[in-house]
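A.B. asks: My structure is below; once you've seen it, I'll send some questions.
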Amino acid sequence: MPDEHPFAAYIKAIGTGPGRSRSLTEEEAFTAARMMLSGRAEPAQIGAFLMLLRYKRETPEELAGFVRAARDLVARPQPTPDVDLDWPSYALGRTRGAPWYVLAALLVAQSGVRVLMHGLAVGEPYAGPTAATLGRLGIAPSRSSEEAARALDSDNFAFLPLGVACAGLQRLLNLRLQLGLRSTANTAARLLNPFGAKAILGGVFHPQYRELHQETAARLGERRLGVIKGGGESERDPAKPCELFVVEQGGTWTEEWPVLLQDNPHLRAASAPRPEGIEELWRGDWDDQRAVASVTGTAAIALRLADRAASPYEADSLARDLWAGRPRNAIKEAIRQH
């Protein structure tokens, strides 16, 4: 009788059936994820494992083990650059307007906060608007971790494609083409924090993932993490109150952020989804109250997490001042004037 594949034990643990299945420990999840990410599990095993884990819902222990395994395989430059804010960006954006969070990230970088944004490159399956929008603004994706480090030094901002940061995790995300569903790999990418930033700004669509992100970040020992609920991206809706789910030094709490605009039909409408609206808004060639409030409101949360403001009120005020005083030339040159 042939020997059973070592990975089979992890599939059995979570998939044996009612009354006999169990969740994995963090160390078991770490080993299983390491085998998948490094190509030591068979494709059929990987698909079975990911879908079983999705069906039962991953625990914070399982997700923490998965993230640790991915972090171990991140290609980091030496020395690893200091990063103030890690900004994962992995949502599709099919039902939303223009990606105003991109301008928020660049506004924060222009103020001196070192921001590493990571996500899917143009051409990758299920890539959202982030990389394409940055490209239109003259900001190219980093082709290596070393290039990302140089961009952080020169611009306080870099976009690092997931395939460059952790090729194994990118391969697992691409399995969605065959499986038809998202998996734990998608959640792990949002918590990858490839350069070990001091803080993470995350966004989720499904409410249950807020607590999962909080509890997992606490297990991972993250210094600070903030998660907001929206369309999956870290973007604040200025027409609604916002809850920021925070982890700091192992403690978790929720911070309440106020409505920035009155709730009316005109302000709730999606603003200028056309691509050129991003540049026009930055230059001041076009103005839209809701779009500006989305940019400054999102930037305020980023500034708060980056420890540039002591309260939501102070952060909102600072973000509005930064927007009013921004250099209105091309964005690439503007962020280099920090």
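In the structure tokens, chains take letters A, B, ... by order of appearance, with residues numbered from 1 within each chain and ligands from 1 in the order shown.
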I'd like a table as JSON lines: residues in stretch 201-301 of chain A with an atom no more than 10 Å from stretch 325-332 of chain A, each row giving the shortest atom pair and its distance in Å to one decimal, only C-alpha atoms counted, sorted by chain and rising residue number.

C.D. replies:
```
{"residue": "A:Glu279", "atom": "CA", "partner": "A:Ile331", "partner_atom": "CA", "distance": 7.9}
{"residue": "A:Glu280", "atom": "CA", "partner": "A:Arg328", "partner_atom": "CA", "distance": 9.7}
{"residue": "A:Leu281", "atom": "CA", "partner": "A:Arg328", "partner_atom": "CA", "distance": 9.4}
{"residue": "A:Trp282", "atom": "CA", "partner": "A:Arg328", "partner_atom": "CA", "distance": 6.3}
{"residue": "A:Arg283", "atom": "CA", "partner": "A:Arg328", "partner_atom": "CA", "distance": 4.6}
{"residue": "A:Gly284", "atom": "CA", "partner": "A:Arg328", "partner_atom": "CA", "distance": 7.0}
{"residue": "A:Asp285", "atom": "CA", "partner": "A:Arg328", "partner_atom": "CA", "distance": 9.6}
```

A.B. asks: Counting only C-alpha atoms, what is within 10 Å of A:Ser142, bar same-chain residues fewer than 3 positions away, as JSON, numbers by chain?

C.D. replies: {"A": [118, 121, 139, 145, 146, 147, 148, 149, 150, 151, 158, 159, 160, 161, 164, 165]}

A.B. asks: Suppose we keep C-alpha atoms; can you now write the selection as an mmCIF file, in the first residue's frame?

C.D. replies:
```
data_model
loop_
_atom_site.group_PDB
_atom_site.id
_atom_site.type_symbol
_atom_site.label_atom_id
_atom_site.label_comp_id
_atom_site.auth_asym_id
_atom_site.auth_seq_id
_atom_site.Cartn_x
_atom_site.Cartn_y
_atom_site.Cartn_z
ATOM 1 C CA HIS A 118 0.232 46.152 -2.059
ATOM 2 C CA ALA A 121 -0.902 43.900 -10.668
ATOM 3 C CA ILE A 139 3.287 55.719 -10.441
ATOM 4 C CA SER A 145 11.239 44.616 -3.140
ATOM 5 C CA GLU A 146 14.454 46.592 -3.558
ATOM 6 C CA GLU A 147 12.718 48.891 -6.022
ATOM 7 C CA ALA A 148 9.861 49.349 -3.543
ATOM 8 C CA ALA A 149 12.390 50.333 -0.874
ATOM 9 C CA ARG A 150 13.894 52.957 -3.182
ATOM 10 C CA ALA A 151 10.430 54.343 -3.990
ATOM 11 C CA ALA A 158 5.384 52.388 -3.197
ATOM 12 C CA PHE A 159 2.992 49.908 -4.793
ATOM 13 C CA LEU A 160 4.249 46.345 -4.425
ATOM 14 C CA PRO A 161 2.401 43.700 -6.480
ATOM 15 C CA VAL A 164 6.561 40.277 -6.398
ATOM 16 C CA ALA A 165 6.155 40.189 -2.621
#
```

A.B. asks: For the atom pair atom CA of A:Arg304 and atom CA of A:Ser317, what is the interatomic distance in Å to one decimal place?

C.D. replies: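 Pair atom CA of A:Arg304 / atom CA of A:Ser317 returns 11.2 Å.
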
A.B. asks: Could you state the separation of atom CA of A:His5 and atom CA of A:Pro43 in Å, given to one decimal place?

C.D. replies: 12.5 Å

A.B. asks: Pick out each residue of stretch 156-255 of chain A that DSSP on the backbone tags as alpha helix (DSSP H); I need them as JSON, numbers by chain.

C.D. replies: {"A": [162, 163, 164, 165, 167, 168, 169, 170, 171, 172, 173, 174, 176, 177, 178, 179, 184, 185, 186, 187, 188, 189, 190, 208, 209, 210, 211, 212, 213, 214, 215, 216, 217, 218, 219, 220]}

A.B. asks: Can you write out as a Markdown table which residues of stretch 67-152 of chain A fall within 8 Å of stretch 27-31 of chain A, alongside each residue's closest atom pair and its distance in Å to one decimal, counting only C-alpha atoms and ordering rows by chain and ascending residue number?

C.D. replies:
```
| residue | atom | partner | partner_atom | distance |
| --- | --- | --- | --- | --- |
| A:Val67 | CA | A:Phe30 | CA | 7.8 |
| A:Arg68 | CA | A:Phe30 | CA | 6.5 |
| A:Ala69 | CA | A:Phe30 | CA | 5.3 |
```

A.B. asks: Write the selection just made, keeping C-alpha atoms, as a tab-separated table (two decimals), in the first residue's frame?

C.D. replies:
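Saved result, again-v1.tsv, follows:
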```
chain	number	residue	atom	x	y	z
A	67	VAL	CA	-0.14	34.61	7.42
A	68	ARG	CA	3.04	33.63	9.27
A	69	ALA	CA	3.85	31.08	6.56
```

A.B. asks: Neighbours of A:Gly250 within 12 Å (only C-alpha atoms; same-chain residues fewer than 3 positions away dropped), as an MDAnalysis selection string?

C.D. replies: chainID A and resid 214:225 246:247 253

A.B. asks: As a ChimeraX atom specification, which residues of stretch 93-159 of chain A does DSSP assign to strand (DSSP E)?

C.D. replies: /A:115-119,157-159

A.B. asks: For A:Val83, please output as JSON, numbers by chain all residues within 12 Å (counting only C-alpha atoms; exclusion window: fewer than 4 positions along the same chain).

C.D. replies: {"A": [87, 109, 112, 113, 114, 115, 116, 117, 148, 149, 151, 152, 153, 156, 157, 158, 193, 194, 195, 196, 197, 198, 199, 200, 306]}

A.B. asks: Store the residues picked out above in a file with C-alpha atoms, as a PDB file, in the first residue's frame.

C.D. replies:
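selection.pdb written:
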```
ATOM      1  CA  TRP A  87      -2.174  49.572   2.916  1.00  0.00           C
ATOM      2  CA  ALA A 109       2.433  60.050   1.630  1.00  0.00           C
ATOM      3  CA  GLY A 112       5.530  62.550   5.105  1.00  0.00           C
ATOM      4  CA  VAL A 113       3.914  59.224   6.091  1.00  0.00           C
ATOM      5  CA  ARG A 114       5.734  56.298   4.478  1.00  0.00           C
ATOM      6  CA  VAL A 115       3.021  54.154   2.836  1.00  0.00           C
ATOM      7  CA  LEU A 116       3.444  50.707   1.280  1.00  0.00           C
ATOM      8  CA  MET A 117       0.393  49.715  -0.761  1.00  0.00           C
ATOM      9  CA  ALA A 148       9.861  49.349  -3.543  1.00  0.00           C
ATOM     10  CA  ALA A 149      12.390  50.333  -0.874  1.00  0.00           C
ATOM     11  CA  ALA A 151      10.430  54.343  -3.990  1.00  0.00           C
ATOM     12  CA  LEU A 152       9.667  54.646  -0.285  1.00  0.00           C
ATOM     13  CA  ASP A 153      12.892  56.607   0.204  1.00  0.00           C
ATOM     14  CA  ASN A 156       7.212  57.976   0.752  1.00  0.00           C
ATOM     15  CA  PHE A 157       5.008  55.674  -1.348  1.00  0.00           C
ATOM     16  CA  ALA A 158       5.384  52.388  -3.197  1.00  0.00           C
ATOM     17  CA  ASN A 193       2.255  43.407   5.901  1.00  0.00           C
ATOM     18  CA  PRO A 194       5.307  42.466   3.804  1.00  0.00           C
ATOM     19  CA  PHE A 195       7.725  45.048   5.219  1.00  0.00           C
ATOM     20  CA  GLY A 196       6.510  44.910   8.825  1.00  0.00           C
ATOM     21  CA  ALA A 197       4.918  48.368   8.909  1.00  0.00           C
ATOM     22  CA  LYS A 198       4.111  50.012  12.214  1.00  0.00           C
ATOM     23  CA  ALA A 199       0.390  50.031  11.362  1.00  0.00           C
ATOM     24  CA  ILE A 200      -2.024  48.379   8.917  1.00  0.00           C
ATOM     25  CA  ALA A 306       0.080  56.394  11.538  1.00  0.00           C
TER      26      ALA A 306
END
```

A.B. asks: If you measure from atom CA of A:Ser311 to atom CA of A:Ala105, what distance in Å do you get, rounded to one decimal?

C.D. replies: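 Separating atom CA of A:Ser311 from atom CA of A:Ala105 is a distance of 19.0 Å.
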
A.B. asks: Choose the residue, out of A:Ala91, A:Ala32, A:Ala140, A:Leu50, that has the smallest atom-to-atom separation from A:Gly230; count only C-alpha atoms.

C.D. replies: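 The shortest atom-to-atom distance to A:Gly230 comes from A:Ala91.
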
A.B. asks: Nearest to A:Ala9: which of A:Leu305, A:Ala41, A:Cys242, A:Ala188 is it, counting only C-alpha atoms?

C.D. replies: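 Going through A:Leu305, A:Ala41, A:Cys242, A:Ala188 one by one, the smallest distance to A:Ala9 is for A:Ala41.
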
A.B. asks: Would you mind telling me which residue in A:Arg20, A:Lys12, A:Arg76, A:Arg190 lies nearest to A:Gln45 when using only C-alpha atoms?

C.D. replies: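 Once distances to A:Gln45 are computed over only C-alpha atoms, the minimum belongs to A:Lys12.
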
A.B. asks: Leaving out A:Asn186 and any residue of its chain fewer than 5 positions from it, which residues lie within 10 Å of it when counting only C-alpha atoms, given as a ChimeraX atom specification?

C.D. replies: /A:90-91,169-170,172-174,176,191

A.B. asks: For the residues selected in the previous step, produce a file with C-alpha atoms as a short mmCIF file (atom, residue, chain, number, x, y, z; two decimals), in the first residue's frame.

C.D. replies:
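out05.cif written:
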```
data_model
loop_
_atom_site.label_atom_id
_atom_site.label_comp_id
_atom_site.auth_asym_id
_atom_site.auth_seq_id
_atom_site.Cartn_x
_atom_site.Cartn_y
_atom_site.Cartn_z
CA TYR A 90 -7.38 43.70 -3.08
CA ALA A 91 -11.05 44.50 -3.78
CA LEU A 169 0.44 33.50 -2.25
CA GLN A 170 -0.32 34.97 -5.68
CA LEU A 172 -3.10 30.49 -4.40
CA LEU A 173 -5.19 33.58 -5.15
CA ASN A 174 -5.21 32.68 -8.82
CA ARG A 176 -10.12 31.30 -7.76
CA LEU A 191 -2.71 40.85 6.58
#
```

A.B. asks: Each residue of stretch 286-308 of chain A lying at most 8 Å from stretch 319-322 of chain A should get a row with its shortest atom-to-atom pair and the distance in Å to one decimal, counting only C-alpha atoms; could you produce that, ordered by chain and increasing number, as CSV?

C.D. replies:
```
residue,atom,partner,partner_atom,distance
A:Thr296,CA,A:Ala319,CA,5.2
A:Gly297,CA,A:Ala319,CA,7.2
A:Ala299,CA,A:Ala319,CA,6.0
A:Ala300,CA,A:Ala319,CA,5.2
A:Leu303,CA,A:Ala319,CA,7.7
```

A.B. asks: Given only C-alpha atoms as the basis, pick out the residue of A:Arg290, A:Val295, A:Pro125, A:Ile301 nearest to A:Pro258.

C.D. replies: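 Counting only C-alpha atoms, the residue closest to A:Pro258 is A:Ile301.
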